[in-house]
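K.L.:
Here's a structure for you.
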Protein chains: 2
Amino acid sequence: MTIAQVAQRTGLTAHTLRYYERTGLMLEPPPRGGNGHRRYTERDADWIALLTRLRASGMPIAAMRRYAELARRGRDSYVARKELLEAHRADVIAKIEQLRSDLEIADYKIDLYSRRIRGEE
Amino acid sequence: MTIAQVAQRTGLTAHTLRYYERTGLMLEPPPRGGNGHRRYTERDADWIALLTRLRASGMPIAAMRRYAELARRGRDSYVARKELLEAHRADVIAKIEQLRSDLEIADYKIDLYSRRIRGEE
DNA sequence: ATTTGACTTAGAGCGCGCTCCAACTCCCAG
DNA sequence: CTGGGAGTTGGAGCGCGCTCTAAGTCAAAT
């Protein structure tokens, strides 16, 4: 698979794919064809798809890098990887709760404006 | 109220308070004491508290600036302000839903690692 | 008189996550 | 053999939201 095809498939740009590789997010650098172009394997594409989902849930690049490092260590890092993901999950859940509660002020204000618009105060 | 007191009360730094003012988030620049220092009114502090809550729910500075501009226009902008907040609320709710769904991959992986750790596969 | 400390300003710097640029190589179609 | 298109690299630039620095003013405490 070419970089353009992976970009297409994952929704990332080719720029971003090279950036991810540079910054240590790949399990290993994708193999190159005779012309020096990257030839992504199916496994590469799957890994990148996983990265995009972790990213979408707000995982920082640095944590994804740690996750990639663990994944390179193989079966020995299952526990560590699980812990990393659990920590991330807890972060996301906390963030969701925070958003919910910080949204209340908007709700309150919206209600206030509604009443003012209707001339109730 | 001094800038330090408002910082204390709102959890922002004095730096950030000046930045917010520079960038157009205040209804009007806080009055100055004889020594040129800002003397925040109770109303200023309340407004800043509202800003921090909007900010905490992820509203971008640019949107807060628009909100401040509307607020400066007074009663005429109730409808516009309400619409702005409703748009923000919709954004936040969408973001929460997105987070929930993007979290599924972490859940799935956590479960996978659990089973692998227990030696089931 | 001096030091301390809280404030002032304009403007620089930073961390994050991209995003793009310049200059280059390579291959293929016309 | 020429042009176009897709890829390569190192490194610069950007948008956001702060965050900090330098140099200065002023007031109260010693």
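Note on naming: chains are A, B, ... as they come in the structure tokens, residues start from 1 per chain, ligands start from 1 in the order shown.
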Return as a list in words the residues belonging to chain D that are within 12 Å of chain A, counting only C-alpha atoms (C1' of nucleotides).

P.N.:
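Filtering chain D at 12 Å from chain A with only C-alpha atoms (C1' of nucleotides) gives DA6, DG7, DT8, DT9 and DG10 of chain D.
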
K.L.:
Would you save the residues of that selection, restricted to C-alpha atoms (C1' of nucleotides), as a PDB file, in the first residue's frame?

P.N.:
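Ended up saving to again-v1.pdb:
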ATOM      1  C1'  DA D   6       4.042  10.646  -6.796  1.00  0.00           C
ATOM      2  C1'  DG D   7       7.101  10.025  -3.627  1.00  0.00           C
ATOM      3  C1'  DT D   8      11.553  11.404  -0.562  1.00  0.00           C
ATOM      4  C1'  DT D   9      14.091  14.441   3.140  1.00  0.00           C
ATOM      5  C1'  DG D  10      15.191  18.086   6.724  1.00  0.00           C
TER       6       DG D  10
END

K.L.:
Fewer than 3 positions away in the same chain doesn't count, so skip those; otherwise give me all residues within 12 Å of DG15 in chain C, counting only C-alpha atoms (C1' of nucleotides), as a VMD selection string.

P.N.:
(chain A and resid 60 to 62) or (chain D and resid 16 to 19)

K.L.:
Restricting the output to C-alpha atoms (C1' of nucleotides), write the selected residues as a CSV table (one decimal), in the first residue's frame.

P.N.:
chain,number,residue,atom,x,y,z
A,60,PRO,CA,-1.9,12.6,23.5
A,61,ILE,CA,0.9,11.8,21.0
A,62,ALA,CA,3.3,11.2,23.9
D,16,DC,C1',-4.2,27.9,19.8
D,17,DG,C1',-4.0,29.3,24.4
D,18,DC,C1',-1.5,30.6,27.3
D,19,DT,C1',3.0,31.8,29.9

K.L.:
Nearest to chain B: which of A:Ala63, A:Met1, A:Ala71, A:Leu54 is it, counting only C-alpha atoms?

P.N.:
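Nearest to chain B: A:Leu54.
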
K.L.:
For DT21 in chain D, list every protein, DNA or RNA residue within 10 Å, evaluated using only C-alpha atoms (C1' of nucleotides), and leave out those in the same chain fewer than 4 positions away; present the list as number ranges by chain.

P.N.:
C: 11-13

K.L.:
So that I can check the surroundings of DC14 in chain D, please list as a VMD selection string every protein, DNA and RNA residue that reaches within 12 Å of it, counting only C-alpha atoms (C1' of nucleotides) and ignoring chain neighbours fewer than 2 positions away.

P.N.:
(chain C and resid 16 to 20) or (chain D and resid 12 16)

K.L.:
For those residues, write N, CA and C atoms (P, O5', C5', C4', C3', O3' and C1' of nucleotides) to a file as a compact mmCIF listing (two decimals), in the first residue's frame.

P.N.:
# COMPACT_ATOMS: atom_id res chain seq x y z
P DC C 16 4.15 18.89 25.10
O5' DC C 16 2.98 18.86 24.02
C5' DC C 16 1.68 19.31 24.39
C4' DC C 16 0.88 19.51 23.14
C3' DC C 16 1.03 18.38 22.12
O3' DC C 16 -0.22 17.71 22.07
C1' DC C 16 1.04 20.54 21.10
P DG C 17 -0.34 16.24 21.47
O5' DG C 17 -0.67 16.59 19.95
C5' DG C 17 -1.84 17.35 19.66
C4' DG C 17 -1.82 17.77 18.21
C3' DG C 17 -1.42 16.65 17.23
O3' DG C 17 -2.32 16.69 16.13
C1' DG C 17 -0.15 18.56 16.84
P DC C 18 -2.47 15.30 15.27
O5' DC C 18 -1.19 15.33 14.31
C5' DC C 18 -1.26 15.87 12.99
C4' DC C 18 -1.49 17.36 13.02
C3' DC C 18 -1.62 17.99 11.66
O3' DC C 18 -2.69 18.92 11.66
C1' DC C 18 0.10 19.05 12.87
P DT C 19 -3.50 19.19 10.31
O5' DT C 19 -2.43 19.91 9.37
C5' DT C 19 -2.27 21.33 9.44
C4' DT C 19 -1.13 21.76 8.56
C3' DT C 19 -1.13 21.17 7.15
O3' DT C 19 -1.41 22.24 6.27
C1' DT C 19 1.06 21.29 8.08
P DC C 20 -1.54 22.08 4.71
O5' DC C 20 -0.16 22.74 4.26
C5' DC C 20 0.33 23.88 5.01
C4' DC C 20 1.79 24.08 4.70
C3' DC C 20 2.17 23.89 3.23
O3' DC C 20 2.73 25.11 2.80
C1' DC C 20 3.73 22.82 4.67
P DA D 12 15.03 25.10 10.42
O5' DA D 12 14.04 26.22 9.86
C5' DA D 12 13.88 26.40 8.45
C4' DA D 12 12.42 26.73 8.17
C3' DA D 12 11.80 27.68 9.18
O3' DA D 12 11.13 28.69 8.43
C1' DA D 12 10.46 25.73 8.99
P DC D 16 -6.69 29.93 15.55
O5' DC D 16 -6.50 29.35 17.01
C5' DC D 16 -6.69 27.96 17.24
C4' DC D 16 -6.13 27.62 18.59
C3' DC D 16 -6.49 28.63 19.68
O3' DC D 16 -7.36 27.98 20.59
C1' DC D 16 -4.21 27.93 19.81

K.L.:
Would you mind listing what lies within 10 Å of range 1-5 of chain C as a PyMOL selection string, with only C-alpha atoms (C1' of nucleotides) counted and same-chain residues fewer than 5 positions away left out?

P.N.:
chain D and resi 27-30

K.L.:
Please report as a tab-separated table every residue of chain C lying within 9 Å of chain B, along with the nearest atom pair and their distance in Å (one decimal), using only C-alpha atoms (C1' of nucleotides).

P.N.:
residue	atom	partner	partner_atom	distance
C:DA6	C1'	B:Ala4	CA	8.8
C:DC7	C1'	B:His37	CA	6.0
C:DT8	C1'	B:His37	CA	7.1

K.L.:
Using only C-alpha atoms, select each residue of chain A with any atom at most 12 Å away from an atom of chain B, and give the selection as a PyMOL selection string.

P.N.:
chain A and resi 49-59+67+71+74-119+121

K.L.:
DSSP on the backbone, then: every residue of chain A marked helix (DSSP H, G or I), written as number ranges by chain.

P.N.:
A: 3-10, 14-22, 42-56, 61-72, 74-117

K.L.:
Which distance in Å separates CA of His15 in chain B and CA of Gly33 in chain B, to one decimal?

P.N.:
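Computing it gives 18.7 Å between the two atoms.
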
K.L.:
Suppose you want the space between CA of Val6 in chain B and CA of Arg22 in chain B; what is it in Å?

P.N.:
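Between CA of Val6 in chain B and CA of Arg22 in chain B the gap is 16.3 Å.
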
K.L.:
Residues within 10 Å of Arg43 in chain A, please, as a list in words. Count only C-alpha atoms (C1' of nucleotides); anything in the same chain fewer than 4 positions from it doesn't count.

P.N.:
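The filter keeps Leu27, Pro30, Trp47, Ile48 and Ala49 of chain A.
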
K.L.:
Next, the residues of the selection above should be written as a PDB file, in the first residue's frame with all heavy atoms.

P.N.:
ATOM      1  N   LEU A  27       5.217   0.742  14.833  1.00  0.00           N
ATOM      2  CA  LEU A  27       5.848  -0.414  15.458  1.00  0.00           C
ATOM      3  C   LEU A  27       7.249  -0.589  14.879  1.00  0.00           C
ATOM      4  O   LEU A  27       8.204  -0.843  15.592  1.00  0.00           O
ATOM      5  CB  LEU A  27       4.994  -1.655  15.233  1.00  0.00           C
ATOM      6  CG  LEU A  27       3.628  -1.547  15.910  1.00  0.00           C
ATOM      7  CD1 LEU A  27       2.767  -2.745  15.589  1.00  0.00           C
ATOM      8  CD2 LEU A  27       3.799  -1.396  17.420  1.00  0.00           C
ATOM      9  N   PRO A  30       7.857   1.391   8.059  1.00  0.00           N
ATOM     10  CA  PRO A  30       7.329   0.574   6.961  1.00  0.00           C
ATOM     11  C   PRO A  30       8.432   0.283   5.959  1.00  0.00           C
ATOM     12  O   PRO A  30       9.317   1.106   5.739  1.00  0.00           O
ATOM     13  CB  PRO A  30       6.244   1.456   6.351  1.00  0.00           C
ATOM     14  CG  PRO A  30       6.444   2.824   6.886  1.00  0.00           C
ATOM     15  CD  PRO A  30       7.193   2.695   8.151  1.00  0.00           C
ATOM     16  N   TRP A  47      -2.542  -0.904  12.381  1.00  0.00           N
ATOM     17  CA  TRP A  47      -1.954  -0.192  13.523  1.00  0.00           C
ATOM     18  C   TRP A  47      -2.282   1.298  13.452  1.00  0.00           C
ATOM     19  O   TRP A  47      -2.678   1.913  14.439  1.00  0.00           O
ATOM     20  CB  TRP A  47      -0.434  -0.428  13.543  1.00  0.00           C
ATOM     21  CG  TRP A  47       0.296   0.362  14.578  1.00  0.00           C
ATOM     22  CD1 TRP A  47       1.112   1.428  14.355  1.00  0.00           C
ATOM     23  CD2 TRP A  47       0.270   0.168  15.998  1.00  0.00           C
ATOM     24  NE1 TRP A  47       1.609   1.906  15.535  1.00  0.00           N
ATOM     25  CE2 TRP A  47       1.106   1.158  16.562  1.00  0.00           C
ATOM     26  CE3 TRP A  47      -0.383  -0.742  16.845  1.00  0.00           C
ATOM     27  CZ2 TRP A  47       1.314   1.258  17.940  1.00  0.00           C
ATOM     28  CZ3 TRP A  47      -0.172  -0.630  18.222  1.00  0.00           C
ATOM     29  CH2 TRP A  47       0.664   0.366  18.748  1.00  0.00           C
ATOM     30  N   ILE A  48      -2.139   1.874  12.279  1.00  0.00           N
ATOM     31  CA  ILE A  48      -2.440   3.304  12.106  1.00  0.00           C
ATOM     32  C   ILE A  48      -3.919   3.574  12.382  1.00  0.00           C
ATOM     33  O   ILE A  48      -4.271   4.577  13.004  1.00  0.00           O
ATOM     34  CB  ILE A  48      -2.043   3.771  10.695  1.00  0.00           C
ATOM     35  CG1 ILE A  48      -0.517   3.741  10.559  1.00  0.00           C
ATOM     36  CG2 ILE A  48      -2.560   5.183  10.417  1.00  0.00           C
ATOM     37  CD1 ILE A  48      -0.007   3.791   9.131  1.00  0.00           C
ATOM     38  N   ALA A  49      -4.766   2.649  11.972  1.00  0.00           N
ATOM     39  CA  ALA A  49      -6.189   2.817  12.241  1.00  0.00           C
ATOM     40  C   ALA A  49      -6.443   2.837  13.746  1.00  0.00           C
ATOM     41  O   ALA A  49      -7.237   3.641  14.251  1.00  0.00           O
ATOM     42  CB  ALA A  49      -6.979   1.697  11.576  1.00  0.00           C
TER      43      ALA A  49
END

K.L.:
For Leu25 in chain B, list every protein, DNA or RNA residue within 7 Å, evaluated using only C-alpha atoms (C1' of nucleotides), and leave out those in the same chain fewer than 4 positions away; present the list as number ranges by chain.

P.N.:
B: 20-21, 64-65, 68

K.L.:
Output N, CA, C and O atoms for every residue in that selection, as a tab-separated table (two decimals), in the first residue's frame.

P.N.:
chain	number	residue	atom	x	y	z
B	20	TYR	N	-6.67	37.88	28.59
B	20	TYR	CA	-8.10	37.88	28.27
B	20	TYR	C	-8.57	39.30	27.95
B	20	TYR	O	-9.35	39.51	27.04
B	21	GLU	N	-8.09	40.22	28.72
B	21	GLU	CA	-8.48	41.61	28.50
B	21	GLU	C	-7.96	42.10	27.14
B	21	GLU	O	-8.72	42.65	26.34
B	64	MET	N	-15.68	33.03	22.64
B	64	MET	CA	-15.90	33.83	23.84
B	64	MET	C	-15.79	35.31	23.49
B	64	MET	O	-16.51	36.14	24.04
B	65	ARG	N	-14.90	35.62	22.56
B	65	ARG	CA	-14.77	37.02	22.14
B	65	ARG	C	-16.05	37.49	21.46
B	65	ARG	O	-16.55	38.58	21.73
B	68	ALA	N	-18.59	38.08	24.08
B	68	ALA	CA	-18.34	39.34	24.79
B	68	ALA	C	-18.80	40.53	23.95
B	68	ALA	O	-19.42	41.47	24.47
